[in-house]
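One structure below.
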Amino acid sequence: MSFDIQKIRQDFPILAQQVNDKPLVYFDNGATSQKPQVVIDAEARYYNEINANIHRGVHHLSQVATDAYEEARVKIQQHLNAKNSFEILFTAGTTFGINLVANGFGQILQPGDEIIVSHLEHHSNIVPWQLACERSGATLKVIPMLADGSLDMEVYTALLNDKTKIVAVNHISNALGTINPVKFIIEKAHEVGAAVLIDGAQAVPHLKPDVQDLDCEFYVFSGHKMCGPTGTGVLYGKEQWLNQLPPYQGGGEMIKEVTFEKTTYACLPHKFEAGTPNIAGGIVLGTAVDYLNGIGFDNIVAYEHQLLEYATKRLTELEDIEFYGTAKEKASVISFNFKGIHPYDVGAIIDKLGIAVRTGHHCAQPIMDYFNIPGTIRASFAFYNTKEEIDQMIEALKKALMMLR
Amino acid sequence: MTIKEIQEEIVDEFAMFDDWMQRYEYIIELGKTLPLIDEQYKKDENLIKGCQSRVWLHADKENDNIVFTADSDAILTKGIIAVLIRAFSNQNPEEIMNADTSFIDEIGLKEHLSPTRANGLVSMIKQIKLYAIALQAN
């Protein structure tokens, strides 16, 4: 399939917008992606045509809505190449998924057990594990980061031992764009019998994970970073692990039988889907997955790589620029600063010129502490961005530097 | 001059600018000329914790008035503090406590009120007023 960027841009109505009287250049895709018209339409269609509560009514609409929701689950199962559709849990997002798993481990772990995270993690993949440690008496170990923003695999291998129960790392770093060697990480963890959770929040917009090939126990991500609605997400878990974990929230739909003495839980995936879920969100996430597969991840990866190389080359032209995260395997994310200038100042000025980037610590303070900086300017590209937009960012940065120097 | 008079003066000054760029350049200039805070006061207790940039704010009582000194690691933020210090420093505590702060909107800095922006002007103003309450009691 050919990759027609102009046609793709027309799929995203928001991109035609002006910000501060300038054409919007949206390079904050790491925070959330924009939505194509098919996704926006699907959201409206749900409420226009099939809105009803699922899994309970006998009436027609309830059946239609239930079918659509379960079809979306199957779409996501196929997308991730999971063995069973009941291993796909709909969640409110990555943070929710990690908390669900960490909360379960907090109840299972014993004092002396160990959890491993990495220095590259987002706060969402640190704090839930700290809570699990507090609750269980387990200890948190951290895989250190090397200067190029990659993880130290030698130390990781040395950290693993028979007390290690779970390893939680991201597939792609949100702050630096490093693509982590997750397959190696998972293999090594399995050698000591530890489970692995992969935080795929930043990966799913750029690649198609194969959970059976990876062989991870859990894979979590958000819908809104991959062209889907906000407040949606997925937790993939291997069947035996999801059976083993205690339920996270109690309520309707997650039960088999309730008496005041004892409640028995529903089977998967309902055990973890208490209450009325984000029905529209789940269905529309399926639409987003279809849309991305229609464009094709091979096309997306190749095109985004061109953007990354072009942006890196153009940014290098600017004086006193410092890049953070220069690992060999990188997604289309560039984190940088200018010597002696606070990232906030740059971000606030280029915003006035229509350029949307993220500035700050990206909810990954340990990484900023490592580099001893308050934050970075982060430009993260999606397949609907263009080289012309990168040129506009460069011009805006030049203007900002002129004002600030 | 009273706080209100100073604020009016600031509003008049900012009214001369045609666009955001001139306004920002002026704020940057103000940031560069903000008198340095005594290094000993750049400590964590004086930090107004914000999302993106760090701001240190120190208050002293001189005669009956409160004198503010401050610093930030971001220059735009520093410029905004310079505006605030000009409006509120060297005034008596009661006037600071009761001062209206709507002049911020009028000079086009409203977007900096958002808590995700720098420190959020809101927390700076809050801290200025808290100092006034604390030092009035002394």
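Residues in the structure tokens are numbered from 1 in each chain, the chains being A, B, ... in the order shown, and ligands are numbered from 1 in the order shown.
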
Skip range 17-25 of chain B itself and residues of its chain fewer than 6 positions away, then list as a PDB file with C-alpha atoms, in the first residue's frame all residues within 12 Å of it, counting only C-alpha atoms.
```pdb
ATOM      1  CA  ASN A  20      -2.367  31.887  17.657  1.00  0.00           C
ATOM      2  CA  ASP A  21      -3.052  32.700  13.985  1.00  0.00           C
ATOM      3  CA  ASP A 345      10.913  29.444  28.000  1.00  0.00           C
ATOM      4  CA  VAL A 346      11.404  27.807  24.615  1.00  0.00           C
ATOM      5  CA  ALA A 348       6.089  28.979  25.769  1.00  0.00           C
ATOM      6  CA  ILE A 349       7.504  31.025  22.896  1.00  0.00           C
ATOM      7  CA  ILE A 350       7.180  28.414  20.155  1.00  0.00           C
ATOM      8  CA  ASP A 351       3.617  27.768  21.333  1.00  0.00           C
ATOM      9  CA  LYS A 352       2.890  31.343  20.328  1.00  0.00           C
ATOM     10  CA  LEU A 353       4.180  30.376  16.892  1.00  0.00           C
ATOM     11  CA  LYS A 399      13.062  32.947  16.758  1.00  0.00           C
ATOM     12  CA  ALA A 400      12.791  31.768  20.372  1.00  0.00           C
ATOM     13  CA  LEU A 401      16.563  31.534  20.683  1.00  0.00           C
ATOM     14  CA  MET A 402      16.934  35.044  19.309  1.00  0.00           C
ATOM     15  CA  MET A 403      14.528  36.352  21.923  1.00  0.00           C
ATOM     16  CA  LEU A 404      16.070  34.415  24.776  1.00  0.00           C
ATOM     17  CA  ARG A 405      19.756  34.974  24.117  1.00  0.00           C
TER      18      ARG A 405
ATOM     19  CA  ILE B  10       1.987  48.337  34.578  1.00  0.00           C
ATOM     20  CA  VAL B  11      -1.260  47.917  32.621  1.00  0.00           C
ATOM     21  CA  GLY B  31      13.480  38.964  33.951  1.00  0.00           C
ATOM     22  CA  LYS B  32      17.062  39.846  33.133  1.00  0.00           C
ATOM     23  CA  ILE B  75      13.509  33.644  32.247  1.00  0.00           C
ATOM     24  CA  LEU B  76       9.837  34.205  31.334  1.00  0.00           C
ATOM     25  CA  THR B  77       8.842  33.130  34.803  1.00  0.00           C
ATOM     26  CA  LYS B  78      11.456  35.460  36.234  1.00  0.00           C
ATOM     27  CA  GLY B  79      10.019  38.339  34.226  1.00  0.00           C
ATOM     28  CA  ILE B  80       6.551  37.621  35.518  1.00  0.00           C
ATOM     29  CA  ILE B 107      -1.598  42.658  30.660  1.00  0.00           C
ATOM     30  CA  GLY B 108      -2.210  39.494  28.690  1.00  0.00           C
ATOM     31  CA  LEU B 109      -0.505  37.059  31.036  1.00  0.00           C
ATOM     32  CA  GLU B 111      -2.341  31.986  30.010  1.00  0.00           C
ATOM     33  CA  HIS B 112       0.370  31.792  32.641  1.00  0.00           C
TER      34      HIS B 112
END
```

Identify all residues of range 131-300 of chain A in strand (DSSP E) (DSSP on the backbone) and supply them as a PyMOL selection string.
chain A and resi 139-143+164-170+195-199+218-222+233-237+255-258+263-265

I'd like the interatomic distance between CA of His270 in chain A and CA of Asp210 in chain A, to a tenth of an Å.
23.3 Å

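When CA of Tyr47 in chain A is paired with CA of Thr276 in chain A, their separation reads 15.3 Å.
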
When you count only C-alpha atoms, which of these residues is closest to chain B: A:Lys225, A:His342, A:His171, A:Arg73?
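So, comparing all the options, the nearest one is A:His342.
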
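Each of B:Ile27, B:Ala87, B:Ile104, B:Ala70 was checked against Gln40 in chain B using only C-alpha atoms; the smallest atom-to-atom distance is that of B:Ala70.
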
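Counting only C-alpha atoms and comparing A:Ile341, A:Arg358, A:Arg45, A:Met393, the residue that lies closest to chain B is A:Ile341.
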
Near-Asn243 in chain A list (12 Å; only C-alpha atoms; drop same-chain fewer than 6 positions) as a ChimeraX atom specification
/A:86-87,101,104,237,265-272

The selected residues should be written to file as a tab-separated table (two decimals), in the first residue's frame (atoms: C-alpha atoms).
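To be explicit, this is the file written out as out_34.tsv:
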```
chain	number	residue	atom	x	y	z
A	86	PHE	CA	-10.67	-13.19	27.21
A	87	GLU	CA	-7.02	-12.34	27.82
A	101	VAL	CA	-1.53	-5.78	38.08
A	104	GLY	CA	-2.71	-7.86	42.61
A	237	GLY	CA	-2.59	-10.88	30.50
A	265	TYR	CA	-16.20	-14.10	40.76
A	266	ALA	CA	-17.06	-14.21	37.12
A	267	CYS	CA	-14.71	-15.77	34.64
A	268	LEU	CA	-12.31	-13.81	32.45
A	269	PRO	CA	-12.38	-11.09	31.28
A	270	HIS	CA	-15.40	-10.01	33.36
A	271	LYS	CA	-13.65	-10.65	36.67
A	272	PHE	CA	-11.65	-7.47	36.00
```

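For the atom pair formed by CA of Asp4 in chain A and CA of Ile76 in chain A, the distance is 25.6 Å, given to one decimal.
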
Once DSSP has gone over the backbone, tell me which residues of range 161-318 of chain A are in helix (DSSP H, G or I), as a PyMOL selection string.
chain A and resi 182-191+211-214+224-226+239-244+270-272+279-295+297-316

Considering only C-alpha atoms, state which residue in the set B:Ile28, B:Ala15, B:Val122, B:Val55 is at the smallest distance from chain A.
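When distances to chain A are compared using only C-alpha atoms, the smallest one comes from B:Ile28.
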
Near Leu130 in chain B, counting only C-alpha atoms, which residues have an atom at most 12 Å away, once you skip same-chain residues fewer than 4 positions from it, shown as a list of chain:residue names?
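With the cut-off at 12 Å, the set is B:Ile48, B:Leu57, B:His58, B:Ala59, B:Ile66, B:Pro93, B:Glu94, B:Ile96, B:Met97, B:Asn98, B:Ser123, B:Met124, B:Ile125, B:Lys126, B:Ala134, B:Leu135, B:Gln136, B:Ala137.
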
Go ahead and save the residues from that selection, with N, CA and C atoms, as a short mmCIF file (atom, residue, chain, number, x, y, z; two decimals), in the first residue's frame.
```cif
data_model
loop_
_atom_site.label_atom_id
_atom_site.label_comp_id
_atom_site.auth_asym_id
_atom_site.auth_seq_id
_atom_site.Cartn_x
_atom_site.Cartn_y
_atom_site.Cartn_z
N ILE B 48 8.67 27.69 45.49
CA ILE B 48 7.26 27.48 45.19
C ILE B 48 7.23 26.33 44.21
N LEU B 57 11.05 32.42 46.43
CA LEU B 57 10.49 33.70 46.86
C LEU B 57 10.83 33.91 48.32
N HIS B 58 11.42 35.07 48.60
CA HIS B 58 11.78 35.38 49.98
C HIS B 58 11.15 36.71 50.38
N ALA B 59 10.72 36.81 51.62
CA ALA B 59 10.12 38.07 52.09
C ALA B 59 10.82 38.53 53.37
N ILE B 66 6.68 45.05 53.54
CA ILE B 66 7.29 43.76 53.17
C ILE B 66 8.07 43.94 51.87
N PRO B 93 1.62 44.94 54.82
CA PRO B 93 1.00 43.62 54.72
C PRO B 93 -0.50 43.68 54.43
N GLU B 94 -1.18 44.58 55.09
CA GLU B 94 -2.63 44.59 54.92
C GLU B 94 -3.01 44.91 53.48
N ILE B 96 -1.25 44.35 50.86
CA ILE B 96 -0.92 43.20 50.01
C ILE B 96 -2.01 42.15 50.10
N MET B 97 -2.44 41.88 51.34
CA MET B 97 -3.48 40.87 51.55
C MET B 97 -4.76 41.22 50.81
N ASN B 98 -5.10 42.48 50.81
CA ASN B 98 -6.39 42.87 50.23
C ASN B 98 -6.31 43.25 48.75
N SER B 123 -0.02 30.32 42.14
CA SER B 123 0.69 29.92 43.36
C SER B 123 1.68 31.00 43.81
N MET B 124 2.21 31.76 42.84
CA MET B 124 3.10 32.87 43.23
C MET B 124 2.32 33.93 44.02
N ILE B 125 1.17 34.29 43.49
CA ILE B 125 0.36 35.32 44.16
C ILE B 125 -0.09 34.83 45.53
N LYS B 126 -0.45 33.56 45.56
CA LYS B 126 -0.88 32.97 46.83
C LYS B 126 0.25 33.06 47.85
N ALA B 134 1.62 36.15 57.23
CA ALA B 134 2.57 35.69 58.24
C ALA B 134 3.34 36.85 58.85
N LEU B 135 3.77 37.78 58.02
CA LEU B 135 4.62 38.87 58.52
C LEU B 135 3.81 39.97 59.20
N GLN B 136 2.54 40.03 58.92
CA GLN B 136 1.71 41.00 59.62
C GLN B 136 1.63 40.64 61.09
N ALA B 137 1.58 39.33 61.34
CA ALA B 137 1.44 38.86 62.71
C ALA B 137 2.67 39.21 63.55
#
```

Measuring between only C-alpha atoms, which one of B:Glu8, B:Arg54, B:Ala74, B:Asp38 shows the shortest distance to chain A?
B:Ala74

For a quick check of understanding, using only C-alpha atoms, which of B:Gln52, B:Thr69, B:Gln127, B:Asn46 has the smallest distance to chain A?
B:Gln52

Set the distance at 8 Å and use only C-alpha atoms: which residues neighbour Asn65 in chain B once local chain neighbours fewer than 6 positions away are removed? I'd like the list as a short mmCIF file (atom, residue, chain, number, x, y, z; two decimals) with N, CA and C atoms, in the first residue's frame.
```cif
data_model
loop_
_atom_site.label_atom_id
_atom_site.label_comp_id
_atom_site.auth_asym_id
_atom_site.auth_seq_id
_atom_site.Cartn_x
_atom_site.Cartn_y
_atom_site.Cartn_z
N SER B 89 5.94 44.55 46.23
CA SER B 89 7.04 44.72 47.19
C SER B 89 7.03 46.12 47.76
N ASN B 90 7.54 46.23 48.98
CA ASN B 90 7.61 47.52 49.65
C ASN B 90 6.23 48.12 49.94
N GLN B 91 5.31 47.25 50.26
CA GLN B 91 3.95 47.68 50.62
C GLN B 91 3.65 47.10 52.00
N ASN B 92 2.63 47.66 52.66
CA ASN B 92 2.37 47.08 53.97
C ASN B 92 1.48 45.84 53.85
N PRO B 93 1.62 44.94 54.82
CA PRO B 93 1.00 43.62 54.72
C PRO B 93 -0.50 43.68 54.43
#
```

Could you list, as number ranges by chain, every residue within 10 Å of Leu159 in chain A, counting only C-alpha atoms and ignoring same-chain residues fewer than 3 positions away?
A: 114, 116, 141-143, 153-156, 163-164, 189

Surrounding residues of Tyr384 in chain A excluding itself and chain neighbours under 2 positions, 8 Å, only C-alpha atoms, as a PDB file with C-alpha atoms, in the first residue's frame:
```pdb
ATOM      1  CA  ILE A   5       0.672  11.880   3.405  1.00  0.00           C
ATOM      2  CA  ILE A   8      -3.696  10.935   5.543  1.00  0.00           C
ATOM      3  CA  ARG A   9      -3.641  14.504   6.823  1.00  0.00           C
ATOM      4  CA  ALA A 382       3.300  10.800  14.255  1.00  0.00           C
ATOM      5  CA  THR A 386       5.533  16.319   7.725  1.00  0.00           C
TER       6      THR A 386
END
```
